[in-house]
>>> print(open('model_2.txt').read())   # compact mmCIF, C-alpha atoms
# COMPACT_ATOMS: atom_id res chain seq x y z
CA MET A 1 28.18 8.44 -20.05
CA SER A 2 27.70 8.04 -23.77
CA GLN A 3 24.35 9.02 -25.28
CA THR A 4 24.78 6.25 -27.88
CA PRO A 5 23.45 2.79 -27.05
CA ARG A 6 26.07 0.03 -27.02
CA PHE A 7 23.91 -2.10 -29.30
CA PRO A 8 22.47 -0.46 -32.44
CA LEU A 9 18.69 -0.30 -32.62
CA PRO A 10 17.32 -2.54 -35.36
CA ASP A 11 15.42 -1.04 -38.25
CA LEU A 12 11.67 -1.29 -37.68
CA ASN A 13 11.14 -2.79 -41.13
CA SER A 14 13.60 -5.61 -40.40
CA LEU A 15 11.64 -6.92 -37.41
CA PRO A 16 9.40 -10.01 -37.42
CA GLU A 17 5.85 -9.01 -38.35
CA ASP A 18 4.32 -9.64 -34.89
CA ILE A 19 6.93 -7.43 -33.20
CA ARG A 20 6.72 -4.76 -35.90
CA ALA A 21 2.92 -4.65 -35.54
CA LYS A 22 3.18 -4.20 -31.76
CA VAL A 23 5.81 -1.47 -32.10
CA LEU A 24 3.63 0.38 -34.62
CA GLU A 25 0.65 0.05 -32.25
CA VAL A 26 2.70 1.61 -29.44
CA GLN A 27 3.90 4.35 -31.78
CA GLU A 28 0.32 5.14 -32.78
CA LYS A 29 -0.77 5.41 -29.15
CA ALA A 30 2.27 7.26 -27.75
CA GLY A 31 3.25 9.33 -30.78
CA PHE A 32 6.80 7.88 -30.71
CA VAL A 33 8.54 4.52 -30.29
CA PRO A 34 9.96 4.09 -26.79
CA ASN A 35 13.58 2.97 -27.18
CA VAL A 36 13.04 -0.20 -25.14
CA PHE A 37 10.79 -1.64 -27.86
CA LEU A 38 13.55 -1.44 -30.46
CA ALA A 39 16.49 -2.14 -28.16
CA LEU A 40 15.11 -5.49 -27.04
CA ALA A 41 13.84 -6.41 -30.53
CA ARG A 42 17.37 -7.38 -31.57
CA ARG A 43 16.50 -10.72 -29.96
CA PRO A 44 12.91 -11.50 -30.98
CA ALA A 45 12.34 -14.50 -28.69
CA GLU A 46 13.51 -12.52 -25.66
CA TRP A 47 11.42 -9.49 -26.77
CA ARG A 48 8.29 -11.66 -26.88
CA ALA A 49 8.98 -13.18 -23.46
CA PHE A 50 9.84 -9.81 -21.90
CA PHE A 51 6.72 -8.04 -23.13
CA ALA A 52 4.44 -10.99 -22.37
CA TYR A 53 5.57 -10.87 -18.72
CA HIS A 54 5.51 -7.06 -18.71
CA ASP A 55 1.92 -7.05 -19.92
CA ALA A 56 0.88 -9.80 -17.49
CA LEU A 57 2.11 -7.63 -14.61
CA MET A 58 1.41 -4.10 -15.76
CA LEU A 59 -1.88 -4.56 -17.63
CA LYS A 60 -3.40 -7.03 -15.17
CA GLU A 61 -7.10 -6.33 -14.72
CA ASP A 62 -7.74 -8.16 -11.42
CA SER A 63 -5.05 -6.56 -9.29
CA GLY A 64 -5.45 -4.77 -5.99
CA LEU A 65 -2.90 -2.27 -7.33
CA SER A 66 -3.90 0.62 -9.55
CA LYS A 67 -1.96 1.25 -12.76
CA GLY A 68 -0.48 4.31 -11.07
CA GLU A 69 0.67 2.27 -8.08
CA ARG A 70 2.35 -0.25 -10.38
CA GLU A 71 4.22 2.58 -12.11
CA MET A 72 5.11 4.01 -8.70
CA ILE A 73 6.76 0.71 -7.76
CA VAL A 74 8.71 0.71 -11.03
CA THR A 75 9.86 4.31 -10.66
CA THR A 76 10.90 3.94 -7.02
CA THR A 77 12.77 0.65 -7.36
CA SER A 78 14.33 1.69 -10.68
CA ALA A 79 15.79 4.72 -8.92
CA ALA A 80 17.27 2.41 -6.27
CA ASN A 81 18.81 0.42 -9.14
CA HIS A 82 20.13 3.63 -10.76
CA CYS A 83 18.27 2.98 -14.02
CA LEU A 84 17.88 6.26 -15.88
CA TYR A 85 15.73 4.78 -18.66
CA CYS A 86 13.11 3.25 -16.36
CA VAL A 87 12.97 6.18 -13.93
CA VAL A 88 12.35 8.63 -16.76
CA ALA A 89 10.00 6.46 -18.84
CA HIS A 90 7.94 5.01 -16.01
CA GLY A 91 8.04 8.27 -14.09
CA ALA A 92 6.31 9.86 -17.08
CA ILE A 93 3.61 7.19 -17.08
CA LEU A 94 3.25 7.54 -13.29
CA ARG A 95 2.67 11.29 -13.61
CA ILE A 96 -0.04 10.67 -16.18
CA TYR A 97 -1.85 7.91 -14.27
CA GLU A 98 -1.72 9.72 -10.93
CA LYS A 99 -2.38 13.16 -12.47
CA LYS A 100 0.36 14.52 -10.18
CA PRO A 101 3.28 16.21 -11.96
CA LEU A 102 5.57 16.04 -8.90
CA VAL A 103 5.06 12.48 -7.69
CA ALA A 104 7.57 10.70 -9.95
CA ASP A 105 10.44 12.96 -8.95
CA GLN A 106 9.50 12.64 -5.30
CA VAL A 107 9.39 8.83 -5.22
CA ALA A 108 12.51 8.53 -7.36
CA VAL A 109 14.56 10.74 -5.05
CA ASN A 110 13.11 9.74 -1.67
CA TYR A 111 9.74 8.00 -1.48
CA LEU A 112 9.78 8.42 2.31
CA LYS A 113 9.33 12.18 1.82
CA ALA A 114 6.96 11.95 -1.14
CA ASP A 115 3.44 13.35 -0.98
CA ILE A 116 1.75 9.94 -1.01
CA PRO A 117 -0.72 8.31 1.38
CA PRO A 118 0.39 5.80 4.05
CA ARG A 119 -1.01 2.92 1.95
CA GLN A 120 1.33 3.70 -0.92
CA ARG A 121 4.24 4.26 1.45
CA ALA A 122 3.67 0.75 2.89
CA MET A 123 3.56 -0.63 -0.65
CA LEU A 124 6.86 1.07 -1.48
CA ASP A 125 8.43 -0.07 1.80
CA PHE A 126 7.70 -3.64 0.75
CA ALA A 127 8.88 -3.07 -2.83
CA MET A 128 12.13 -1.52 -1.66
CA LYS A 129 12.79 -4.42 0.70
CA VAL A 130 12.21 -6.85 -2.17
CA CYS A 131 14.52 -4.71 -4.31
CA LEU A 132 17.35 -4.35 -1.81
CA ALA A 133 17.00 -7.18 0.71
CA SER A 134 14.49 -9.78 -0.49
CA HIS A 135 16.21 -12.43 1.62
CA GLU A 136 15.04 -10.55 4.73
CA ILE A 137 11.29 -10.55 3.90
CA ASP A 138 9.33 -12.11 6.76
CA ASP A 139 5.81 -12.25 8.19
CA ALA A 140 6.07 -8.75 9.63
CA ASP A 141 6.48 -7.35 6.11
CA PHE A 142 3.25 -9.04 5.02
CA GLU A 143 1.47 -7.85 8.17
CA ALA A 144 2.48 -4.26 7.40
CA LEU A 145 0.88 -4.62 3.96
CA HIS A 146 -2.25 -6.27 5.38
CA ALA A 147 -2.68 -3.33 7.78
CA HIS A 148 -3.16 -1.13 4.70
CA GLY A 149 -5.62 -3.44 2.96
CA PHE A 150 -3.20 -5.31 0.72
CA SER A 151 -3.72 -9.04 0.23
CA ASP A 152 -1.06 -11.70 -0.19
CA GLU A 153 -1.83 -11.62 -3.94
CA ASP A 154 -1.10 -7.89 -3.91
CA ALA A 155 2.20 -8.65 -2.16
CA TRP A 156 3.00 -11.09 -4.96
CA ASP A 157 2.22 -8.38 -7.54
CA ILE A 158 4.44 -5.85 -5.73
CA ALA A 159 7.30 -8.36 -5.56
CA ALA A 160 6.87 -9.58 -9.15
CA ILE A 161 6.86 -6.02 -10.53
CA THR A 162 9.93 -5.17 -8.46
CA ALA A 163 11.78 -8.29 -9.58
CA PHE A 164 10.82 -7.99 -13.25
CA PHE A 165 11.94 -4.39 -13.40
CA GLY A 166 15.16 -5.33 -11.63
CA LEU A 167 15.89 -7.35 -14.78
CA SER A 168 14.70 -4.50 -16.99
CA ASN A 169 16.85 -1.98 -15.09
CA ARG A 170 19.94 -4.07 -15.56
CA MET A 171 19.33 -4.65 -19.27
CA ALA A 172 18.70 -0.94 -19.87
CA SER A 173 21.74 0.14 -17.88
CA PHE A 174 24.28 -2.30 -19.28
CA SER A 175 23.15 -1.69 -22.87
CA GLY A 176 23.29 2.10 -22.59
CA MET A 177 19.59 2.48 -23.35
CA MET A 178 18.62 6.14 -23.06
CA PRO A 179 15.12 7.51 -22.44
CA ASN A 180 13.36 9.11 -25.38
CA PRO A 181 13.28 12.92 -25.03
CA GLU A 182 9.45 12.81 -25.21
CA PHE A 183 9.27 11.13 -21.79
CA TYR A 184 10.76 14.11 -19.95
CA LEU A 185 7.76 16.38 -20.45
CA MET A 186 4.97 13.79 -20.33
CA GLY A 187 2.60 14.47 -17.45
CA ARG A 188 4.37 17.75 -16.62
CA VAL A 189 2.88 19.99 -19.28
CA PRO A 190 -0.49 19.78 -21.03
CA LYS A 191 -0.42 17.47 -24.05
CA ALA A 192 -0.54 19.30 -27.40
CA LYS A 193 -3.88 18.78 -29.10
>>> encode(input="model_2.txt", output="C-alpha cells")
Amino acid sequence: MSQTPRFPLPDLNSLPEDIRAKVLEVQEKAGFVPNVFLALARRPAEWRAFFAYHDALMLKEDSGLSKGEREMIVTTTSAANHCLYCVVAHGAILRIYEKKPLVADQVAVNYLKADIPPRQRAMLDFAMKVCLASHEIDDADFEALHAHGFSDEDAWDIAAITAFFGLSNRMASFSGMMPNPEFYLMGRVPKAK
C-alpha cells in the first residue's frame, strides 16, 4: 500500500478561516495536526458536517459512556472495518483516556480476549453487531446491554458512534489516509515534558 494519500492535503493557509482556526486549535493541543483534519478540509462543507457530528458524539457531556469507552468502540469497530488510520489514531486516544497502554491493541485484535470488564465487553458486543450485522439487532441485544446498566440512550450512542465511524473508516481507507507517526507512541510511553 502506498504511503502517499490519493488526494493531496490542502495547505493550512488556504483553508476557510473557521476551519483553519479549528485545525490550529487541535495542533496547539496535540502538538501536531492529525491528517484527518487536513484530508477532509478539501471539501469545507463536508468537513464542517463531519466534525459537527463527530463532536456531538465524542464530546457529549450527558452520555452514559465514558470518553474512553467511546474510543474503545471506535478502535474495535475500525479494526473490523480494516481502517488503519482510525485504529491507530483512536487507539492512541483510548490508551490515554483509559491509562492502559495495552488495551487498544487488545480490542483491535480481539476484544473478546481483551483485559476489559464484562460491561465493556457487552458494549463492544453490541457495537460489533451494529458494525457487522445491524439488520439482526433485536430486543435480546438491548436486554444484554440493560443487564450491564446501559440505557436505551446509551445503546443509541453506541450505535451512532459505530455507524459514524463506519463512514469515517471508509473515507480514510479509500483516500489512502495514513496515521500520523505521533499516534503510534501516544499513551505507550511517558509524554515528553
>>> atom_distance(input="model_2.txt", atom1="CA of Asp152 (chain A)", atom2="CA of Asp138 (chain A)")
12.5 Å
>>> atom_distance(input="model_2.txt", atom1="CA of Leu167 (chain A)", atom2="CA of Val23 (chain A)")
20.9 Å
>>> atom_distance(input="model_2.txt", atom1="CA of Glu136 (chain A)", atom2="CA of Ala80 (chain A)")
17.1 Å
>>> residues_around(input="model_2.txt", residues="Phe164 (chain A)", least_positions_apart="3", cutoff="12 Å", atoms="only C-alpha atoms", output="ChimeraX atom specification")
/A:49-58,70,73-74,77-78,86,127,130-131,156-161,167-171
>>> residues_around(input="model_2.txt", residues="Ala147 (chain A)", least_positions_apart="4", cutoff="10 Å", atoms="all atoms listed in the file", output="ChimeraX atom specification")
/A:119,122,142-143,151
>>> closest_atom_pairs(input="model_2.txt", of="region 41-89 of chain A", to="region 172-176 of chain A", cutoff="9 Å", atoms="only C-alpha atoms", output="Markdown table")
| residue | atom | partner | partner_atom | distance |
| --- | --- | --- | --- | --- |
| A:His82 | CA | A:Ser173 | CA | 8.1 |
| A:Cys83 | CA | A:Ser173 | CA | 5.9 |
| A:Leu84 | CA | A:Ser173 | CA | 7.5 |
| A:Tyr85 | CA | A:Ala172 | CA | 6.6 |
| A:Cys86 | CA | A:Ala172 | CA | 7.8 |
>>> residues_around(input="model_2.txt", residues="region 177-191 of chain A", least_positions_apart="6", cutoff="7 Å", atoms="all atoms listed in the file", output="CSV table (one decimal) with C-alpha atoms, in the frame of the given file")
chain,number,residue,atom,x,y,z
A,3,GLN,CA,24.4,9.0,-25.3
A,5,PRO,CA,23.4,2.8,-27.0
A,34,PRO,CA,10.0,4.1,-26.8
A,35,ASN,CA,13.6,3.0,-27.2
A,85,TYR,CA,15.7,4.8,-18.7
A,88,VAL,CA,12.4,8.6,-16.8
A,89,ALA,CA,10.0,6.5,-18.8
A,92,ALA,CA,6.3,9.9,-17.1
A,95,ARG,CA,2.7,11.3,-13.6
A,96,ILE,CA,0.0,10.7,-16.2
A,101,PRO,CA,3.3,16.2,-12.0
>>> residues_around(input="model_2.txt", residues="Glu69 (chain A)", least_positions_apart="6", cutoff="9 Å", atoms="only C-alpha atoms", output="number ranges by chain")
A: 94, 97-98, 120, 123
>>> residues_around(input="model_2.txt", residues="Lys22 (chain A)", least_positions_apart="5", cutoff="12 Å", atoms="all atoms listed in the file", output="VMD selection string")
chain A and resid 12 15 to 17 27 to 29 33 to 34 37 to 38 41 47 to 48 51 to 52
>>> closest_residue(input="model_2.txt", among="A:Arg20, A:Glu71, A:Gly31, A:Leu124", to="Leu59 (chain A)", atoms="only C-alpha atoms")
A:Glu71
>>> residues_near_point(input="model_2.txt", point="(8.1, 5.2, -2.2)", cutoff="6 Å", atoms="only C-alpha atoms", output="list in words")
Thr76, Val107, Tyr111, Leu112, Arg121 and Leu124 of chain A
>>> closest_residue(input="model_2.txt", among="A:Asp115, A:Lys60, A:Pro10, A:Val26", to="Pro44 (chain A)", atoms="all atoms listed in the file")
A:Pro10
>>> decode(input="model_2.txt", residues="region 50-82 of chain A", atoms="N, CA and C atoms", output="short mmCIF file (atom, residue, chain, number, x, y, z; two decimals), in the first residue's frame")
data_model
loop_
_atom_site.label_atom_id
_atom_site.label_comp_id
_atom_site.auth_asym_id
_atom_site.auth_seq_id
_atom_site.Cartn_x
_atom_site.Cartn_y
_atom_site.Cartn_z
N PHE A 50 -18.95 16.80 9.10
CA PHE A 50 -18.28 15.65 9.71
C PHE A 50 -17.88 15.97 11.14
N PHE A 51 -17.19 17.08 11.35
CA PHE A 51 -16.70 17.38 12.69
C PHE A 51 -17.80 17.84 13.64
N ALA A 52 -18.88 18.40 13.10
CA ALA A 52 -20.02 18.72 13.98
C ALA A 52 -20.63 17.44 14.53
N TYR A 53 -20.79 16.42 13.68
CA TYR A 53 -21.36 15.16 14.15
C TYR A 53 -20.35 14.43 15.03
N HIS A 54 -19.09 14.43 14.63
CA HIS A 54 -18.04 13.84 15.47
C HIS A 54 -18.10 14.41 16.88
N ASP A 55 -18.10 15.72 16.98
CA ASP A 55 -18.09 16.36 18.30
C ASP A 55 -19.37 16.08 19.08
N ALA A 56 -20.51 16.03 18.38
CA ALA A 56 -21.77 15.73 19.06
C ALA A 56 -21.73 14.34 19.70
N LEU A 57 -21.06 13.40 19.05
CA LEU A 57 -20.96 12.04 19.58
C LEU A 57 -19.83 11.87 20.58
N MET A 58 -18.68 12.38 20.25
CA MET A 58 -17.47 12.06 21.01
C MET A 58 -17.20 13.02 22.17
N LEU A 59 -17.80 14.20 22.14
CA LEU A 59 -17.59 15.17 23.21
C LEU A 59 -18.85 15.37 24.04
N LYS A 60 -19.83 14.54 23.83
CA LYS A 60 -21.12 14.62 24.51
C LYS A 60 -20.92 14.55 26.03
N GLU A 61 -21.51 15.50 26.72
CA GLU A 61 -21.34 15.56 28.18
C GLU A 61 -22.30 14.64 28.93
N ASP A 62 -23.51 14.45 28.42
CA ASP A 62 -24.54 13.71 29.16
C ASP A 62 -24.71 12.28 28.64
N SER A 63 -23.60 11.60 28.46
CA SER A 63 -23.64 10.23 27.96
C SER A 63 -23.35 9.26 29.09
N GLY A 64 -23.93 8.08 28.99
CA GLY A 64 -23.62 7.01 29.93
C GLY A 64 -22.31 6.31 29.59
N LEU A 65 -21.67 6.76 28.51
CA LEU A 65 -20.40 6.19 28.08
C LEU A 65 -19.27 7.15 28.43
N SER A 66 -18.19 6.62 28.97
CA SER A 66 -17.03 7.46 29.24
C SER A 66 -16.35 7.79 27.92
N LYS A 67 -15.47 8.79 27.93
CA LYS A 67 -14.70 9.11 26.73
C LYS A 67 -13.86 7.91 26.30
N GLY A 68 -13.31 7.19 27.26
CA GLY A 68 -12.53 6.00 26.94
C GLY A 68 -13.38 4.93 26.29
N GLU A 69 -14.60 4.73 26.77
CA GLU A 69 -15.47 3.72 26.17
C GLU A 69 -15.85 4.11 24.74
N ARG A 70 -16.05 5.39 24.49
CA ARG A 70 -16.36 5.82 23.12
C ARG A 70 -15.18 5.52 22.20
N GLU A 71 -13.97 5.79 22.67
CA GLU A 71 -12.79 5.50 21.86
C GLU A 71 -12.59 3.99 21.70
N MET A 72 -13.00 3.22 22.70
CA MET A 72 -12.91 1.77 22.61
C MET A 72 -13.84 1.24 21.51
N ILE A 73 -15.02 1.81 21.40
CA ILE A 73 -15.95 1.44 20.33
C ILE A 73 -15.32 1.75 18.97
N VAL A 74 -14.76 2.95 18.85
CA VAL A 74 -14.15 3.35 17.58
C VAL A 74 -13.00 2.41 17.21
N THR A 75 -12.14 2.14 18.15
CA THR A 75 -10.97 1.30 17.87
C THR A 75 -11.38 -0.11 17.47
N THR A 76 -12.32 -0.68 18.20
CA THR A 76 -12.75 -2.05 17.94
C THR A 76 -13.46 -2.18 16.59
N THR A 77 -14.42 -1.30 16.33
CA THR A 77 -15.17 -1.41 15.08
C THR A 77 -14.32 -0.97 13.89
N SER A 78 -13.39 -0.05 14.09
CA SER A 78 -12.49 0.35 13.00
C SER A 78 -11.58 -0.80 12.60
N ALA A 79 -11.19 -1.61 13.57
CA ALA A 79 -10.39 -2.80 13.25
C ALA A 79 -11.22 -3.77 12.42
N ALA A 80 -12.48 -3.94 12.78
CA ALA A 80 -13.35 -4.83 12.00
C ALA A 80 -13.51 -4.32 10.57
N ASN A 81 -13.42 -3.00 10.40
CA ASN A 81 -13.54 -2.38 9.07
C ASN A 81 -12.17 -2.21 8.39
N HIS A 82 -11.12 -2.73 9.02
CA HIS A 82 -9.77 -2.70 8.45
C HIS A 82 -9.27 -1.28 8.18
#
